[in-house]
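Source file: my_file-v3.cif (mmCIF, N, CA and C atoms)
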```cif
data_target
#
loop_
_atom_site.label_atom_id
_atom_site.label_comp_id
_atom_site.auth_asym_id
_atom_site.auth_seq_id
_atom_site.Cartn_x
_atom_site.Cartn_y
_atom_site.Cartn_z
N MET A 1 -61.10 54.92 -159.87
CA MET A 1 -61.31 53.99 -158.79
C MET A 1 -62.53 54.42 -157.99
N ASP A 2 -63.33 53.46 -157.56
CA ASP A 2 -64.50 53.76 -156.74
C ASP A 2 -64.04 54.27 -155.38
N ASP A 3 -64.89 55.11 -154.77
CA ASP A 3 -64.62 55.64 -153.45
C ASP A 3 -64.84 54.53 -152.42
N PRO A 4 -63.92 54.38 -151.44
CA PRO A 4 -64.11 53.32 -150.44
C PRO A 4 -65.28 53.56 -149.51
N HIS A 5 -66.00 54.69 -149.67
CA HIS A 5 -67.13 55.02 -148.81
C HIS A 5 -68.48 54.77 -149.47
N VAL A 6 -68.53 54.13 -150.62
CA VAL A 6 -69.80 53.98 -151.34
C VAL A 6 -70.32 52.56 -151.28
N ASP A 7 -71.63 52.45 -151.50
CA ASP A 7 -72.26 51.13 -151.60
C ASP A 7 -71.89 50.51 -152.94
N GLY A 8 -72.06 49.20 -153.05
CA GLY A 8 -71.91 48.51 -154.31
C GLY A 8 -70.49 48.52 -154.87
N MET A 9 -69.50 48.39 -154.04
CA MET A 9 -68.11 48.37 -154.49
C MET A 9 -67.93 47.19 -155.44
N SER A 10 -67.39 47.45 -156.62
CA SER A 10 -67.14 46.38 -157.58
C SER A 10 -65.89 45.61 -157.18
N GLU A 11 -65.78 44.40 -157.71
CA GLU A 11 -64.60 43.58 -157.41
C GLU A 11 -63.33 44.23 -157.93
N GLY A 12 -63.39 44.84 -159.12
CA GLY A 12 -62.22 45.53 -159.67
C GLY A 12 -61.82 46.72 -158.83
N ALA A 13 -62.82 47.46 -158.35
CA ALA A 13 -62.53 48.64 -157.52
C ALA A 13 -61.93 48.22 -156.18
N LEU A 14 -62.37 47.10 -155.63
CA LEU A 14 -61.80 46.64 -154.37
C LEU A 14 -60.35 46.17 -154.57
N ALA A 15 -60.07 45.55 -155.69
CA ALA A 15 -58.68 45.18 -156.01
C ALA A 15 -57.83 46.44 -156.13
N ASP A 16 -58.37 47.50 -156.74
CA ASP A 16 -57.65 48.78 -156.82
C ASP A 16 -57.41 49.37 -155.44
N LEU A 17 -58.39 49.23 -154.55
CA LEU A 17 -58.24 49.71 -153.18
C LEU A 17 -57.11 48.97 -152.47
N GLU A 18 -57.00 47.67 -152.71
CA GLU A 18 -55.90 46.89 -152.11
C GLU A 18 -54.56 47.37 -152.66
N ARG A 19 -54.48 47.65 -153.96
CA ARG A 19 -53.23 48.18 -154.53
C ARG A 19 -52.87 49.53 -153.90
N ARG A 20 -53.89 50.34 -153.64
CA ARG A 20 -53.66 51.63 -152.97
C ARG A 20 -53.11 51.42 -151.57
N ARG A 21 -53.64 50.43 -150.86
CA ARG A 21 -53.16 50.12 -149.50
C ARG A 21 -51.70 49.69 -149.56
N LEU A 22 -51.35 48.84 -150.53
CA LEU A 22 -49.96 48.37 -150.65
C LEU A 22 -49.02 49.53 -150.97
N ARG A 23 -49.44 50.42 -151.89
CA ARG A 23 -48.61 51.60 -152.21
C ARG A 23 -48.37 52.44 -150.97
N ALA A 24 -49.42 52.61 -150.17
CA ALA A 24 -49.28 53.42 -148.94
C ALA A 24 -48.25 52.80 -148.00
N LEU A 25 -48.22 51.48 -147.92
CA LEU A 25 -47.25 50.82 -147.04
C LEU A 25 -45.83 50.94 -147.60
N VAL A 26 -45.65 50.78 -148.90
CA VAL A 26 -44.32 50.92 -149.51
C VAL A 26 -43.81 52.35 -149.34
N GLU A 27 -44.70 53.32 -149.53
CA GLU A 27 -44.31 54.73 -149.43
C GLU A 27 -44.34 55.25 -147.99
N ALA A 28 -44.73 54.39 -147.04
CA ALA A 28 -44.89 54.78 -145.64
C ALA A 28 -45.81 56.00 -145.52
N ASP A 29 -46.89 56.00 -146.31
CA ASP A 29 -47.89 57.05 -146.27
C ASP A 29 -48.90 56.65 -145.19
N LEU A 30 -48.60 57.05 -143.96
CA LEU A 30 -49.38 56.60 -142.83
C LEU A 30 -50.80 57.15 -142.81
N ALA A 31 -51.03 58.32 -143.38
CA ALA A 31 -52.39 58.87 -143.42
C ALA A 31 -53.29 57.95 -144.24
N VAL A 32 -52.83 57.54 -145.40
CA VAL A 32 -53.62 56.64 -146.25
C VAL A 32 -53.70 55.25 -145.62
N ALA A 33 -52.56 54.76 -145.13
CA ALA A 33 -52.55 53.42 -144.52
C ALA A 33 -53.50 53.35 -143.33
N HIS A 34 -53.53 54.40 -142.52
CA HIS A 34 -54.41 54.41 -141.35
C HIS A 34 -55.87 54.34 -141.79
N GLN A 35 -56.22 55.07 -142.87
CA GLN A 35 -57.59 55.08 -143.37
C GLN A 35 -58.01 53.71 -143.91
N LEU A 36 -57.08 52.99 -144.53
CA LEU A 36 -57.44 51.74 -145.22
C LEU A 36 -57.30 50.49 -144.35
N HIS A 37 -56.86 50.66 -143.10
CA HIS A 37 -56.78 49.53 -142.16
C HIS A 37 -57.82 49.75 -141.07
N ALA A 38 -58.70 48.79 -140.88
CA ALA A 38 -59.73 48.88 -139.84
C ALA A 38 -59.09 48.97 -138.47
N ASP A 39 -59.81 49.56 -137.52
CA ASP A 39 -59.27 49.70 -136.16
C ASP A 39 -58.95 48.35 -135.53
N ASP A 40 -59.73 47.32 -135.88
CA ASP A 40 -59.47 45.98 -135.32
C ASP A 40 -58.66 45.10 -136.26
N PHE A 41 -57.95 45.75 -137.20
CA PHE A 41 -57.03 45.05 -138.12
C PHE A 41 -56.07 44.17 -137.32
N GLN A 42 -55.78 43.01 -137.88
CA GLN A 42 -54.80 42.11 -137.28
C GLN A 42 -54.03 41.44 -138.41
N LEU A 43 -52.72 41.61 -138.41
CA LEU A 43 -51.86 40.99 -139.41
C LEU A 43 -51.32 39.68 -138.84
N ILE A 44 -51.43 38.62 -139.62
CA ILE A 44 -50.78 37.35 -139.30
C ILE A 44 -49.66 37.20 -140.32
N THR A 45 -48.42 37.21 -139.85
CA THR A 45 -47.27 37.16 -140.74
C THR A 45 -46.99 35.73 -141.21
N PRO A 46 -46.15 35.58 -142.24
CA PRO A 46 -45.80 34.22 -142.69
C PRO A 46 -45.17 33.37 -141.58
N SER A 47 -44.54 34.02 -140.59
CA SER A 47 -43.93 33.26 -139.49
C SER A 47 -44.92 32.97 -138.37
N GLY A 48 -46.17 33.47 -138.51
CA GLY A 48 -47.20 33.18 -137.51
C GLY A 48 -47.34 34.24 -136.44
N ASP A 49 -46.58 35.33 -136.52
CA ASP A 49 -46.71 36.41 -135.55
C ASP A 49 -47.99 37.20 -135.83
N SER A 50 -48.49 37.87 -134.82
CA SER A 50 -49.71 38.65 -134.93
C SER A 50 -49.41 40.10 -134.54
N LEU A 51 -49.87 41.06 -135.37
CA LEU A 51 -49.69 42.47 -135.06
C LEU A 51 -51.04 43.19 -135.19
N SER A 52 -51.33 44.07 -134.22
CA SER A 52 -52.52 44.90 -134.32
C SER A 52 -52.26 46.03 -135.32
N LYS A 53 -53.30 46.76 -135.65
CA LYS A 53 -53.15 47.90 -136.56
C LYS A 53 -52.11 48.87 -136.04
N GLU A 54 -52.22 49.25 -134.77
CA GLU A 54 -51.30 50.23 -134.21
C GLU A 54 -49.87 49.71 -134.20
N GLU A 55 -49.69 48.46 -133.80
CA GLU A 55 -48.32 47.88 -133.80
C GLU A 55 -47.75 47.87 -135.21
N TYR A 56 -48.54 47.41 -136.15
CA TYR A 56 -48.09 47.29 -137.53
C TYR A 56 -47.71 48.64 -138.12
N LEU A 57 -48.61 49.61 -138.01
CA LEU A 57 -48.34 50.92 -138.60
C LEU A 57 -47.22 51.66 -137.87
N GLN A 58 -47.05 51.42 -136.58
CA GLN A 58 -45.91 52.00 -135.86
C GLN A 58 -44.60 51.43 -136.39
N HIS A 59 -44.57 50.14 -136.67
CA HIS A 59 -43.37 49.52 -137.25
C HIS A 59 -43.07 50.09 -138.62
N VAL A 60 -44.11 50.33 -139.43
CA VAL A 60 -43.90 50.92 -140.75
C VAL A 60 -43.42 52.36 -140.60
N ALA A 61 -44.03 53.13 -139.70
CA ALA A 61 -43.65 54.53 -139.50
C ALA A 61 -42.21 54.67 -139.03
N SER A 62 -41.78 53.77 -138.16
CA SER A 62 -40.42 53.85 -137.60
C SER A 62 -39.35 53.30 -138.53
N GLY A 63 -39.77 52.58 -139.58
CA GLY A 63 -38.82 51.93 -140.47
C GLY A 63 -38.42 50.54 -139.99
N GLU A 64 -38.95 50.12 -138.86
CA GLU A 64 -38.70 48.75 -138.38
C GLU A 64 -39.13 47.75 -139.46
N ILE A 65 -40.27 48.04 -140.09
CA ILE A 65 -40.72 47.31 -141.27
C ILE A 65 -40.64 48.28 -142.43
N ASP A 66 -39.83 47.95 -143.42
CA ASP A 66 -39.65 48.82 -144.59
C ASP A 66 -39.90 47.99 -145.85
N TYR A 67 -41.08 48.21 -146.45
CA TYR A 67 -41.39 47.54 -147.70
C TYR A 67 -40.68 48.27 -148.82
N VAL A 68 -39.66 47.65 -149.38
CA VAL A 68 -38.92 48.24 -150.50
C VAL A 68 -39.71 48.01 -151.78
N VAL A 69 -40.24 46.81 -151.93
CA VAL A 69 -41.08 46.44 -153.08
C VAL A 69 -42.24 45.61 -152.57
N TRP A 70 -43.42 45.91 -153.04
CA TRP A 70 -44.59 45.05 -152.81
C TRP A 70 -45.39 45.11 -154.10
N ASP A 71 -45.17 44.15 -154.96
CA ASP A 71 -45.71 44.16 -156.31
C ASP A 71 -46.72 43.02 -156.47
N PRO A 72 -48.02 43.34 -156.40
CA PRO A 72 -49.02 42.29 -156.51
C PRO A 72 -49.21 41.84 -157.96
N GLU A 73 -49.49 40.56 -158.12
CA GLU A 73 -49.91 40.04 -159.42
C GLU A 73 -51.41 40.29 -159.52
N GLU A 74 -52.11 39.56 -160.35
CA GLU A 74 -53.55 39.74 -160.49
C GLU A 74 -54.24 39.48 -159.14
N ILE A 75 -55.13 40.37 -158.76
CA ILE A 75 -55.85 40.26 -157.49
C ILE A 75 -57.25 39.71 -157.77
N ASP A 76 -57.55 38.56 -157.18
CA ASP A 76 -58.87 37.94 -157.29
C ASP A 76 -59.72 38.45 -156.14
N ALA A 77 -60.75 39.22 -156.45
CA ALA A 77 -61.61 39.81 -155.42
C ALA A 77 -63.01 39.23 -155.52
N ARG A 78 -63.59 38.94 -154.39
CA ARG A 78 -64.98 38.46 -154.30
C ARG A 78 -65.71 39.36 -153.32
N VAL A 79 -66.78 40.00 -153.77
CA VAL A 79 -67.55 40.92 -152.94
C VAL A 79 -68.95 40.36 -152.77
N ARG A 80 -69.42 40.27 -151.53
CA ARG A 80 -70.77 39.83 -151.21
C ARG A 80 -71.32 40.73 -150.12
N ASP A 81 -72.30 41.52 -150.49
CA ASP A 81 -72.95 42.44 -149.55
C ASP A 81 -71.89 43.35 -148.89
N ASP A 82 -71.69 43.21 -147.58
CA ASP A 82 -70.78 44.09 -146.84
C ASP A 82 -69.43 43.46 -146.53
N VAL A 83 -69.12 42.32 -147.17
CA VAL A 83 -67.83 41.66 -146.93
C VAL A 83 -67.18 41.31 -148.26
N ALA A 84 -65.86 41.19 -148.22
CA ALA A 84 -65.12 40.86 -149.43
C ALA A 84 -63.85 40.11 -149.05
N CYS A 85 -63.39 39.29 -149.97
CA CYS A 85 -62.16 38.54 -149.78
C CYS A 85 -61.28 38.76 -151.01
N LEU A 86 -60.02 39.01 -150.78
CA LEU A 86 -59.04 39.18 -151.85
C LEU A 86 -57.99 38.11 -151.72
N ARG A 87 -57.56 37.56 -152.85
CA ARG A 87 -56.48 36.57 -152.84
C ARG A 87 -55.57 36.87 -154.01
N TYR A 88 -54.26 36.92 -153.70
CA TYR A 88 -53.30 37.22 -154.76
C TYR A 88 -51.91 36.80 -154.33
N ARG A 89 -51.04 36.75 -155.30
CA ARG A 89 -49.63 36.47 -155.06
C ARG A 89 -48.87 37.75 -155.36
N SER A 90 -47.81 38.01 -154.62
CA SER A 90 -47.03 39.21 -154.85
C SER A 90 -45.55 38.95 -154.61
N THR A 91 -44.74 39.84 -155.15
CA THR A 91 -43.32 39.84 -154.87
C THR A 91 -43.06 40.94 -153.85
N ILE A 92 -42.38 40.57 -152.77
CA ILE A 92 -42.07 41.53 -151.71
C ILE A 92 -40.57 41.52 -151.46
N LYS A 93 -40.01 42.72 -151.38
CA LYS A 93 -38.66 42.90 -150.87
C LYS A 93 -38.82 43.77 -149.63
N ILE A 94 -38.30 43.30 -148.51
CA ILE A 94 -38.59 43.95 -147.24
C ILE A 94 -37.33 44.00 -146.38
N ILE A 95 -37.27 45.04 -145.55
CA ILE A 95 -36.24 45.15 -144.52
C ILE A 95 -36.98 45.16 -143.18
N VAL A 96 -36.62 44.22 -142.30
CA VAL A 96 -37.26 44.13 -140.99
C VAL A 96 -36.17 44.20 -139.93
N GLY A 97 -36.27 45.18 -139.07
CA GLY A 97 -35.28 45.33 -138.00
C GLY A 97 -33.87 45.51 -138.53
N GLY A 98 -33.75 46.14 -139.69
CA GLY A 98 -32.44 46.38 -140.28
C GLY A 98 -31.92 45.23 -141.12
N GLN A 99 -32.60 44.10 -141.11
CA GLN A 99 -32.18 42.94 -141.90
C GLN A 99 -32.92 42.94 -143.23
N GLU A 100 -32.17 42.99 -144.33
CA GLU A 100 -32.77 43.00 -145.66
C GLU A 100 -32.99 41.57 -146.14
N PHE A 101 -34.20 41.32 -146.60
CA PHE A 101 -34.54 40.01 -147.12
C PHE A 101 -34.60 40.09 -148.64
N ARG A 102 -34.16 39.04 -149.29
CA ARG A 102 -34.18 39.01 -150.75
C ARG A 102 -35.63 39.03 -151.22
N PRO A 103 -35.87 39.53 -152.41
CA PRO A 103 -37.24 39.51 -152.93
C PRO A 103 -37.76 38.07 -152.98
N ASP A 104 -39.01 37.90 -152.59
CA ASP A 104 -39.62 36.58 -152.60
C ASP A 104 -41.09 36.74 -152.94
N ARG A 105 -41.72 35.63 -153.29
CA ARG A 105 -43.14 35.64 -153.64
C ARG A 105 -43.95 35.07 -152.49
N TYR A 106 -45.09 35.72 -152.24
CA TYR A 106 -45.97 35.34 -151.14
C TYR A 106 -47.41 35.32 -151.62
N TRP A 107 -48.20 34.43 -151.03
CA TRP A 107 -49.64 34.44 -151.24
C TRP A 107 -50.27 35.28 -150.14
N HIS A 108 -51.35 35.99 -150.48
CA HIS A 108 -52.07 36.83 -149.52
C HIS A 108 -53.55 36.53 -149.63
N THR A 109 -54.20 36.45 -148.49
CA THR A 109 -55.65 36.38 -148.41
C THR A 109 -56.07 37.48 -147.45
N ASP A 110 -56.85 38.43 -147.95
CA ASP A 110 -57.27 39.58 -147.14
C ASP A 110 -58.78 39.63 -147.07
N PHE A 111 -59.27 39.96 -145.90
CA PHE A 111 -60.70 40.10 -145.65
C PHE A 111 -61.02 41.58 -145.47
N TYR A 112 -61.96 42.09 -146.24
CA TYR A 112 -62.42 43.48 -146.13
C TYR A 112 -63.86 43.48 -145.66
N GLU A 113 -64.23 44.56 -145.00
CA GLU A 113 -65.60 44.69 -144.53
C GLU A 113 -66.03 46.16 -144.66
N LYS A 114 -67.27 46.36 -145.08
CA LYS A 114 -67.84 47.70 -145.13
C LYS A 114 -68.50 47.94 -143.78
N ARG A 115 -68.10 49.05 -143.14
CA ARG A 115 -68.55 49.29 -141.77
C ARG A 115 -69.00 50.72 -141.56
N GLY A 116 -69.81 50.89 -140.53
CA GLY A 116 -70.20 52.22 -140.07
C GLY A 116 -71.24 52.88 -140.96
N GLU A 117 -71.72 54.01 -140.47
CA GLU A 117 -72.74 54.75 -141.19
C GLU A 117 -72.24 55.23 -142.54
N ALA A 118 -70.94 55.55 -142.63
CA ALA A 118 -70.38 56.05 -143.89
C ALA A 118 -70.15 54.90 -144.88
N GLY A 119 -70.25 53.66 -144.40
CA GLY A 119 -70.06 52.51 -145.27
C GLY A 119 -68.66 52.42 -145.85
N ARG A 120 -67.64 52.71 -145.03
CA ARG A 120 -66.26 52.71 -145.49
C ARG A 120 -65.71 51.29 -145.51
N TRP A 121 -65.09 50.92 -146.65
CA TRP A 121 -64.43 49.62 -146.78
C TRP A 121 -63.04 49.71 -146.17
N SER A 122 -62.67 48.75 -145.35
CA SER A 122 -61.33 48.72 -144.77
C SER A 122 -60.88 47.29 -144.56
N GLY A 123 -59.56 47.11 -144.61
CA GLY A 123 -58.97 45.78 -144.44
C GLY A 123 -58.97 45.37 -142.99
N ARG A 124 -59.27 44.09 -142.73
CA ARG A 124 -59.36 43.62 -141.37
C ARG A 124 -58.40 42.50 -141.04
N ARG A 125 -58.34 41.45 -141.84
CA ARG A 125 -57.60 40.26 -141.45
C ARG A 125 -56.74 39.73 -142.58
N PRO A 126 -55.58 40.31 -142.82
CA PRO A 126 -54.71 39.76 -143.87
C PRO A 126 -53.92 38.57 -143.34
N LEU A 127 -53.67 37.63 -144.21
CA LEU A 127 -52.87 36.46 -143.89
C LEU A 127 -51.89 36.24 -145.04
N GLY A 128 -50.61 36.26 -144.74
CA GLY A 128 -49.59 36.06 -145.76
C GLY A 128 -48.90 34.73 -145.57
N SER A 129 -48.52 34.12 -146.67
CA SER A 129 -47.80 32.84 -146.56
C SER A 129 -46.82 32.72 -147.71
#
```
Mind converting the file's structure to structure tokens?
Amino acid sequence: MDDPHVDGMSEGALADLERRRLRALVEADLAVAHQLHADDFQLITPSGDSLSKEEYLQHVASGEIDYVVWDPEEIDARVRDDVACLRYRSTIKIIVGGQEFRPDRYWHTDFYEKRGEAGRWSGRRPLGS
């Protein structure tokens, strides 16, 4: 997999980076999740709620949000200069606030941006439906 800090990220490598981000959330690996979510990250949930990076990762760390399964299908990635868009469908099984939801399929559209002097790619605006 390409390093998220390099120029010229390929579309396949960015899809791999998204898979790494999803694994970090399922495993509650907050060190990796923190690195792969931009500071101004904002999650828009299927119900229309909005969470900042800190709110979202705190919920994952506390178990308030527990991704039991997050299995993406093929990830369609488009990279142009310093921005990228990913679109894919996935199966998610999740526990939120102690309530377990049955596995279901969701569409995701995620916006990535390469930022800073190090040129690190990070997720900014995911939208699930």
Best match for closeness to Ala28 of chain A among A:Asp104, A:Glu73, A:Asp82, A:Asp66, counting only N, CA and C atoms: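 Distance minimum relative to Ala28 of chain A lands on A:Asp66.
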Backbone-only DSSP, alpha helix (DSSP H) members of chain A, as an NGL selection string: :A and (11-26 or 30-36 or 53-62)
Reference answer for the PyMOL selection byres (((chain A and resi 32 and name CA) around 12) and name CA), as a ChimeraX atom specification: /A:4,17-31,33-38,57,122
Atom-to-atom span, atom CA of Gly98 of chain A and atom CA of Glu64 of chain A, Å: 7.0 Å
Residues of chain A in strand (DSSP E), written as a VMD selection string: chain A and resid 42 to 44 50 to 52 65 to 72 76 to 80 83 to 96 99 to 100 104 to 115 120 to 123 127 to 128
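Comparing the minimum interatomic distances between Arg87 of chain A and each of A:Tyr56, A:Phe111, A:Phe101, A:Trp70, counting all atoms listed in the file, we find that A:Phe111 sits nearest.
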Selection near Leu86 of chain A, 6.5 Å with all atoms listed in the file, sequence-local residues under 3 positions removed, as a list in words: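 So, after excluding close chain neighbours, the residues are Ile75, Asp76, Ala77, Arg78, His108, Thr109, Asp110, Phe111 and Tyr112 of chain A.
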Atom C of Ser90 of chain A to atom CA of Tyr106 of chain A, distance in Å rounded to a single decimal: 5.0 Å
Distance of atom CA of Ile44 of chain A from atom CA of Ala84 of chain A, expressed in Å to one decimal place: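 A separation of 17.9 Å between them.
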Residues in the PyMOL selection byres (((chain A and resi 93 and name CA) around 8) and name CA), expressed as an MDAnalysis selection string: chainID A and resid 67:70 91:92 94:95 100:104
Output the selection as a tab-separated table (two decimals), in the coordinates of the input - N, CA and C atoms for each residue.
```
chain	number	residue	atom	x	y	z
A	67	TYR	N	-41.08	48.21	-146.45
A	67	TYR	CA	-41.39	47.54	-147.70
A	67	TYR	C	-40.68	48.27	-148.82
A	68	VAL	N	-39.66	47.65	-149.38
A	68	VAL	CA	-38.92	48.24	-150.50
A	68	VAL	C	-39.71	48.01	-151.78
A	69	VAL	N	-40.24	46.81	-151.93
A	69	VAL	CA	-41.08	46.44	-153.08
A	69	VAL	C	-42.24	45.61	-152.57
A	70	TRP	N	-43.42	45.91	-153.04
A	70	TRP	CA	-44.59	45.05	-152.81
A	70	TRP	C	-45.39	45.11	-154.10
A	91	THR	N	-44.74	39.84	-155.15
A	91	THR	CA	-43.32	39.84	-154.87
A	91	THR	C	-43.06	40.94	-153.85
A	92	ILE	N	-42.38	40.57	-152.77
A	92	ILE	CA	-42.07	41.53	-151.71
A	92	ILE	C	-40.57	41.52	-151.46
A	94	ILE	N	-38.30	43.30	-148.51
A	94	ILE	CA	-38.59	43.95	-147.24
A	94	ILE	C	-37.33	44.00	-146.38
A	95	ILE	N	-37.27	45.04	-145.55
A	95	ILE	CA	-36.24	45.15	-144.52
A	95	ILE	C	-36.98	45.16	-143.18
A	100	GLU	N	-32.17	42.99	-144.33
A	100	GLU	CA	-32.77	43.00	-145.66
A	100	GLU	C	-32.99	41.57	-146.14
A	101	PHE	N	-34.20	41.32	-146.60
A	101	PHE	CA	-34.54	40.01	-147.12
A	101	PHE	C	-34.60	40.09	-148.64
A	102	ARG	N	-34.16	39.04	-149.29
A	102	ARG	CA	-34.18	39.01	-150.75
A	102	ARG	C	-35.63	39.03	-151.22
A	103	PRO	N	-35.87	39.53	-152.41
A	103	PRO	CA	-37.24	39.51	-152.93
A	103	PRO	C	-37.76	38.07	-152.98
A	104	ASP	N	-39.01	37.90	-152.59
A	104	ASP	CA	-39.62	36.58	-152.60
A	104	ASP	C	-41.09	36.74	-152.94
```
Result set, the PyMOL selection byres (((chain A and resi 40 and name CA) around 8) and name CA) on current file, as a PyMOL selection string: chain A and resi 38-39+41-42+52-53+124
Pick from A:Leu43, A:Ala15, A:Ile65, A:Met9, whichever lies nearest to Val96 of chain A using all atoms listed in the file: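 Looking at the shortest contact to Val96 of chain A, the residue is A:Ile65.
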